[in-house]
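Asks: Just so it is clear, I am handing over work37.cif, which has mmCIF, C-alpha atoms.
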data_structure
loop_
_atom_site.label_atom_id
_atom_site.label_comp_id
_atom_site.auth_asym_id
_atom_site.auth_seq_id
_atom_site.Cartn_x
_atom_site.Cartn_y
_atom_site.Cartn_z
CA MET A 21 -4.32 14.56 9.74
CA THR A 22 -3.44 13.31 6.26
CA LEU A 23 -1.22 10.25 6.08
CA PRO A 24 1.35 9.59 3.35
CA LEU A 25 0.63 6.95 0.75
CA MET A 26 1.79 3.50 1.90
CA PRO A 27 2.49 4.57 5.53
CA LYS A 28 4.29 1.38 6.59
CA ALA A 29 6.44 1.25 3.47
CA THR A 30 7.23 4.96 3.97
CA ALA A 31 8.19 4.22 7.58
CA VAL A 32 10.56 1.48 6.40
CA TRP A 33 12.27 3.94 4.04
CA LEU A 34 12.56 6.68 6.68
CA ILE A 35 14.06 4.22 9.18
CA GLU A 36 16.62 2.97 6.65
CA LYS A 37 17.51 6.25 4.94
CA THR A 38 17.26 9.02 7.54
CA GLY A 39 18.31 9.96 11.05
CA LEU A 40 14.79 10.83 12.17
CA THR A 41 13.61 9.68 15.59
CA PHE A 42 11.06 6.91 15.98
CA ASP A 43 8.59 9.45 17.36
CA GLN A 44 8.98 11.67 14.28
CA ILE A 45 8.48 8.76 11.89
CA ALA A 46 5.54 7.40 13.90
CA THR A 47 3.76 10.76 13.91
CA PHE A 48 4.25 11.29 10.17
CA CYS A 49 3.10 7.76 9.26
CA GLY A 50 0.19 7.59 11.71
CA MET A 51 1.73 4.72 13.65
CA HIS A 52 2.79 4.00 17.23
CA PRO A 53 6.48 4.50 18.13
CA LEU A 54 6.61 0.86 19.28
CA GLU A 55 5.57 -0.21 15.77
CA ILE A 56 8.46 1.82 14.36
CA GLN A 57 10.79 0.23 16.91
CA ALA A 58 9.58 -3.24 15.87
CA ILE A 59 10.19 -2.46 12.19
CA ALA A 60 13.67 -1.14 12.99
CA ASP A 61 14.44 -4.29 14.99
CA GLY A 62 13.25 -6.49 12.13
CA GLU A 63 10.40 -7.99 14.16
CA VAL A 64 7.75 -6.85 11.65
CA GLY A 65 7.70 -5.50 8.11
CA GLY A 66 10.46 -7.76 6.85
CA GLY A 67 8.69 -8.26 3.53
CA ILE A 68 7.82 -4.58 2.97
CA ASN A 69 9.86 -2.64 0.44
CA GLY A 70 10.66 0.94 1.44
CA TYR A 71 8.60 3.64 -0.31
CA ASP A 72 10.57 6.82 -1.05
CA PRO A 73 8.42 9.82 -0.01
CA VAL A 74 10.89 12.27 -1.60
CA LYS A 75 10.83 10.61 -5.00
CA ASN A 76 7.05 10.37 -4.77
CA ASN A 77 6.58 14.05 -3.89
CA GLN A 78 5.36 13.63 -0.33
CA LEU A 79 8.41 15.05 1.45
CA THR A 80 11.40 17.19 0.53
CA GLU A 81 14.99 16.52 1.48
CA VAL A 82 15.04 19.96 3.09
CA GLU A 83 12.10 18.99 5.34
CA ILE A 84 13.82 15.76 6.37
CA LYS A 85 17.07 17.59 7.21
CA ARG A 86 15.12 20.20 9.18
CA CYS A 87 13.60 17.51 11.36
CA GLU A 88 16.83 15.53 11.66
CA ALA A 89 18.40 18.65 13.16
CA ASN A 90 15.55 19.13 15.64
CA PRO A 91 14.10 15.96 17.27
CA SER A 92 11.07 17.91 18.51
CA ALA A 93 10.15 19.05 14.97
CA ARG A 94 7.46 17.22 13.02
CA LEU A 95 7.53 16.36 9.33
CA LYS A 96 5.06 18.20 7.13
CA LEU A 97 3.52 16.38 4.17
CA ILE A 98 3.74 18.28 0.89
CA ALA A 99 0.31 19.71 0.15
CA THR A 100 -1.26 18.45 -3.05
CA PRO A 101 -2.10 21.52 -5.16
CA ASN A 102 -5.04 19.84 -6.84
CA PRO A 103 -7.28 17.01 -5.62
CA VAL A 104 -6.53 13.67 -7.18
CA ALA A 105 -8.96 13.01 -9.99
CA ARG A 106 -11.15 10.09 -9.07
CA ARG A 107 -12.63 7.67 -11.55
CA ALA A 108 -16.39 7.31 -11.78
CA LYS A 109 -17.93 4.67 -9.54
CA GLY A 110 -18.39 1.15 -10.79
CA ALA A 111 -16.12 -1.79 -11.51
CA ARG A 112 -13.37 -1.23 -14.05
CA TYR A 113 -13.58 -3.08 -17.36
CA THR A 114 -10.51 -5.24 -17.91
CA PRO A 115 -9.55 -6.26 -21.47
CA VAL A 116 -9.66 -10.01 -22.03
CA ALA A 117 -5.93 -10.07 -22.85
CA LYS A 118 -5.06 -8.72 -19.41
CA ARG A 119 -7.45 -10.74 -17.27
CA HIS A 120 -4.91 -13.50 -16.67
CA ASP A 121 -2.73 -10.89 -14.89
CA ARG A 122 -5.46 -9.83 -12.50
CA PRO A 123 -4.82 -12.41 -9.72
CA ASP A 124 -1.20 -11.19 -9.53
CA ALA A 125 -2.41 -7.61 -9.23
CA ILE A 126 -4.91 -8.53 -6.51
CA ALA A 127 -2.18 -10.32 -4.53
CA PHE A 128 0.04 -7.23 -4.84
CA VAL A 129 -2.68 -4.88 -3.61
CA LEU A 130 -3.58 -7.17 -0.68
CA ARG A 131 0.04 -7.26 0.42
CA GLN A 132 1.10 -3.67 -0.20
CA PHE A 133 -2.14 -1.83 0.59
CA PRO A 134 -3.97 -3.72 3.37
CA GLN A 135 -5.95 -0.58 4.20
CA LEU A 136 -7.94 -0.92 0.96
CA ASN A 137 -11.29 -2.64 1.49
CA ASP A 138 -12.69 -5.21 -0.91
CA THR A 139 -15.08 -2.75 -2.52
CA GLN A 140 -12.19 -0.46 -3.44
CA ILE A 141 -10.22 -3.36 -4.91
CA VAL A 142 -13.27 -4.46 -6.92
CA ARG A 143 -13.56 -0.99 -8.46
CA LEU A 144 -9.83 -0.54 -8.97
CA LEU A 145 -9.14 -3.87 -10.69
CA GLY A 146 -12.53 -4.88 -12.08
CA THR A 147 -12.68 -8.07 -10.05
CA THR A 148 -15.16 -9.61 -7.58
CA LYS A 149 -15.19 -9.96 -3.81
CA ASP A 150 -15.28 -13.74 -4.22
CA THR A 151 -12.06 -13.71 -6.23
CA ILE A 152 -10.39 -11.42 -3.69
CA ALA A 153 -11.37 -13.75 -0.84
CA LYS A 154 -10.04 -16.81 -2.66
CA ILE A 155 -6.70 -15.15 -3.36
CA ARG A 156 -6.45 -13.83 0.20
CA ASN A 157 -7.12 -17.30 1.65
CA ARG A 158 -5.05 -19.17 -0.97
CA GLU A 159 -8.16 -20.93 -2.26
CA HIS A 160 -7.78 -19.66 -5.83
CA TRP A 161 -7.42 -22.51 -8.33
CA ASN A 162 -4.00 -21.21 -9.41
CA SER A 163 -2.66 -20.01 -6.04
CA PRO A 164 0.74 -21.78 -6.37
CA ASN A 165 1.54 -19.69 -9.45
CA ILE A 166 0.29 -16.29 -8.27
CA LYS A 167 3.06 -13.72 -7.87
CA PRO A 168 2.30 -10.19 -6.64
CA ARG A 169 2.82 -7.73 -9.48
CA ASP A 170 2.08 -4.02 -9.62
CA PRO A 171 -1.30 -3.43 -11.34
CA VAL A 172 -0.02 -0.12 -12.76
CA ILE A 173 2.87 -1.88 -14.51
CA LEU A 174 0.45 -4.56 -15.70
CA GLY A 175 -1.81 -1.88 -17.15
CA LEU A 176 -4.81 -2.87 -15.02
CA CYS A 177 -5.19 0.58 -13.45
CA THR A 178 -3.51 3.96 -13.55
CA GLN A 179 -1.16 5.33 -10.89
CA THR A 180 -3.67 8.15 -10.39
CA ASP A 181 -6.50 5.72 -9.61
CA LEU A 182 -4.29 3.68 -7.28
CA ASN A 183 -3.10 6.78 -5.42
CA ALA A 184 -6.67 8.02 -5.09
CA ALA A 185 -7.84 4.69 -3.66
CA VAL A 186 -4.99 4.55 -1.15
CA GLN A 187 -5.53 8.16 -0.09
CA ALA A 188 -9.25 7.52 0.40
CA ALA A 189 -8.46 4.46 2.50
CA ASN A 190 -5.94 6.40 4.60
CA ASP A 191 -8.46 9.20 5.14
CA ARG A 192 -11.06 6.64 6.25
CA LEU A 193 -8.50 5.10 8.61
CA VAL A 194 -7.91 8.47 10.26
CA ARG A 195 -11.64 9.26 10.52
CA GLU A 196 -12.37 5.91 12.16
CA GLY A 197 -9.37 6.14 14.47
CA LYS A 198 -8.15 2.69 13.44
CA PRO A 199 -4.47 1.77 13.55
CA LEU A 200 -3.05 0.24 10.39
CA GLU A 201 -2.67 -3.23 11.87
CA THR A 202 -6.44 -3.62 12.39
CA ILE A 203 -7.19 -3.54 8.68
CA HIS A 204 -7.87 -6.97 7.16
CA GLU A 205 -7.32 -8.78 10.45
CA ASP A 206 -8.52 -11.94 8.72
CA LEU A 207 -5.65 -11.86 6.25
CA ASP A 208 -3.64 -15.06 6.53
CA PRO A 209 0.09 -14.12 6.74
CA ASN A 210 0.84 -17.15 4.59
CA SER A 211 -1.34 -15.73 1.82
CA LEU A 212 0.85 -12.69 1.26
CA PHE A 213 2.84 -14.43 -1.49
CA SER A 214 6.36 -13.64 -0.29
CA SER A 215 7.91 -13.64 -3.75
CA HIS A 216 7.64 -10.53 -5.89
CA ASP A 217 9.12 -10.34 -9.33
CA GLY A 218 8.17 -9.43 -12.83
CA THR A 219 7.97 -12.92 -14.28
CA ASP A 220 4.84 -14.18 -15.96
CA SER A 221 2.65 -16.36 -13.79
CA ASN A 222 0.90 -18.18 -16.64
CA ILE A 223 -2.46 -17.47 -14.97
#
What is this file in structure tokens?
Replies:
Amino acid sequence: MTLPLMPKATAVWLIEKTGLTFDQIATFCGMHPLEIQAIADGEVGGGINGYDPVKNNQLTEVEIKRCEANPSARLKLIATPNPVARRAKGARYTPVAKRHDRPDAIAFVLRQFPQLNDTQIVRLLGTTKDTIAKIRNREHWNSPNIKPRDPVILGLCTQTDLNAAVQAANDRLVREGKPLETIHEDLDPNSLFSSHDGTDSNI
């Protein structure tokens, strides 16, 4: 089973924008129906922005309407015609001018993509595991000023590389039979940097 990119954020969008059942959303996103219920009730996922699977070419409106009309039907992810090109192994080089943006990007990835492991983040953003740990635990020297910002917008990685990393993490999740909530269990909820805007952080 292949999961959509950003399963929880996709679930938030499907709950808010469609008439699909909790079971249908749970199956598509690789989650438990009770997790979907909790998101719908506002008990979890309050800080997660919905991720539109139609706009991002993972579902069609026709497929959603088909399943809305038949509660026993299951959503089918759009097949990717070509494998996502993956960057060569090794940490990414980050230009000096952009390095002050990197803590913001790390905070964004930790919050939005908890299924990514530290090694993937190191390769994606050209950082170190020590830096990731300090940002996760709010031990970074500039933690008060860190604001999660999209690394693609910041120019620290490409959307293709980010999508490939997330897809690889989702595939690993399925192979290991791990539910989403078990990833990064040591992540301090207070370290998720609740604010998210496009302002400079002066890092």
Asks: Quick one: which residues end up in the PyMOL selection byres ((chain A and resi 64) around 12) for this structure, as a count of residues only?
Replies: 20
Asks: In Å, rounded to a single decimal, give me how far atom CA of A:Phe128 is from atom CA of A:Arg169.
Replies: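 One can read the atom CA of A:Arg169 to atom CA of A:Phe128 distance as 5.4 Å.
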Asks: Quick one: which residues end up in the PyMOL selection byres ((chain A and resi 123) around 12) for this structure, as a compact mmCIF listing (two decimals) with C-alpha atoms, keeping the file's coordinate frame?
Replies:
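Printed below is out_19.txt as written:
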# COMPACT_ATOMS: atom_id res chain seq x y z
CA LYS A 118 -5.06 -8.72 -19.41
CA ARG A 119 -7.45 -10.74 -17.27
CA HIS A 120 -4.91 -13.50 -16.67
CA ASP A 121 -2.73 -10.89 -14.89
CA ARG A 122 -5.46 -9.83 -12.50
CA ASP A 124 -1.20 -11.19 -9.53
CA ALA A 125 -2.41 -7.61 -9.23
CA ILE A 126 -4.91 -8.53 -6.51
CA ALA A 127 -2.18 -10.32 -4.53
CA PHE A 128 0.04 -7.23 -4.84
CA VAL A 129 -2.68 -4.88 -3.61
CA LEU A 130 -3.58 -7.17 -0.68
CA ILE A 141 -10.22 -3.36 -4.91
CA VAL A 142 -13.27 -4.46 -6.92
CA LEU A 145 -9.14 -3.87 -10.69
CA GLY A 146 -12.53 -4.88 -12.08
CA THR A 147 -12.68 -8.07 -10.05
CA THR A 148 -15.16 -9.61 -7.58
CA ASP A 150 -15.28 -13.74 -4.22
CA THR A 151 -12.06 -13.71 -6.23
CA ILE A 152 -10.39 -11.42 -3.69
CA ALA A 153 -11.37 -13.75 -0.84
CA LYS A 154 -10.04 -16.81 -2.66
CA ILE A 155 -6.70 -15.15 -3.36
CA ARG A 156 -6.45 -13.83 0.20
CA ARG A 158 -5.05 -19.17 -0.97
CA GLU A 159 -8.16 -20.93 -2.26
CA HIS A 160 -7.78 -19.66 -5.83
CA TRP A 161 -7.42 -22.51 -8.33
CA ASN A 162 -4.00 -21.21 -9.41
CA SER A 163 -2.66 -20.01 -6.04
CA PRO A 164 0.74 -21.78 -6.37
CA ASN A 165 1.54 -19.69 -9.45
CA ILE A 166 0.29 -16.29 -8.27
CA LYS A 167 3.06 -13.72 -7.87
CA PRO A 168 2.30 -10.19 -6.64
CA ARG A 169 2.82 -7.73 -9.48
CA ASP A 170 2.08 -4.02 -9.62
CA PRO A 171 -1.30 -3.43 -11.34
CA LEU A 174 0.45 -4.56 -15.70
CA LEU A 176 -4.81 -2.87 -15.02
CA PHE A 213 2.84 -14.43 -1.49
CA ASP A 220 4.84 -14.18 -15.96
CA SER A 221 2.65 -16.36 -13.79
CA ASN A 222 0.90 -18.18 -16.64
CA ILE A 223 -2.46 -17.47 -14.97
Asks: Using the chain letters and residue numbers of this document, give as a list in words the residues selected by the PyMOL selection byres ((chain A and resi 45) around 9).
Replies: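 Taken on the displayed file, the PyMOL selection byres ((chain A and resi 45) around 9) yields the residues Thr30, Ala31, Leu34, Ile35, Leu40, Thr41, Phe42, Asp43, Gln44, Ala46, Thr47, Phe48, Cys49, Gly50, Met51, Pro53, Ile56, Arg94 and Leu95 of chain A.
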Asks: Using atom CA of A:Asn190 and atom CA of A:Thr38 as the two end points, give the distance in Å to one decimal.
Replies: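 Answer for the atom CA of A:Asn190 to atom CA of A:Thr38 separation: 23.5 Å.
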Asks: Can you tell me how far atom CA of A:Ser92 sits from atom CA of A:Gln78, in Å to one decimal?
Replies: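 Atom-to-atom, atom CA of A:Ser92 and atom CA of A:Gln78 are spaced 20.1 Å apart.
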Asks: Which residues are close to A:Leu25, i.e. within 8 Å by all atoms listed in the file, leaving aside same-chain residues fewer than 2 positions away? Reply as number ranges by chain.
Replies: A: 23, 27, 30, 183, 186-187, 190
Asks: Of the residues A:Asn157, A:Thr178, A:Gln135, A:Ala93, which is the one nearest to A:Asp191, using all atoms listed in the file?
Replies: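 Closest to A:Asp191, using all atoms listed in the file: A:Gln135.
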Asks: Smallest atom-to-atom distance to A:Met26: which of A:Leu136, A:Cys177, A:Val194, A:Ile98, using only C-alpha atoms?
Replies: A:Leu136
Asks: Applying 10 Å and all atoms listed in the file, which residues near A:Lys96 remain after dropping the ones on its own chain fewer than 3 positions away? List them as a list in words.
Replies: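 Listing them by chain and then by number gives Thr22, Phe48, Gln78, Leu79, Thr80, Glu83, Ile84, Cys87, Ala93 and Ala99 of chain A.
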Asks: Please determine, counting all atoms listed in the file, which residue among A:Gln132, A:Thr139, A:Leu182, A:Pro24 has the shortest atom-to-atom distance to A:Asn69.
Replies: A:Gln132
Asks: Which residue out of A:Lys37, A:Arg192, A:Lys149, A:Phe133 has the minimum interatomic distance to A:Glu88 when all atoms listed in the file are used?
Replies: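 Using all atoms listed in the file, A:Glu88 sits closest to A:Lys37.
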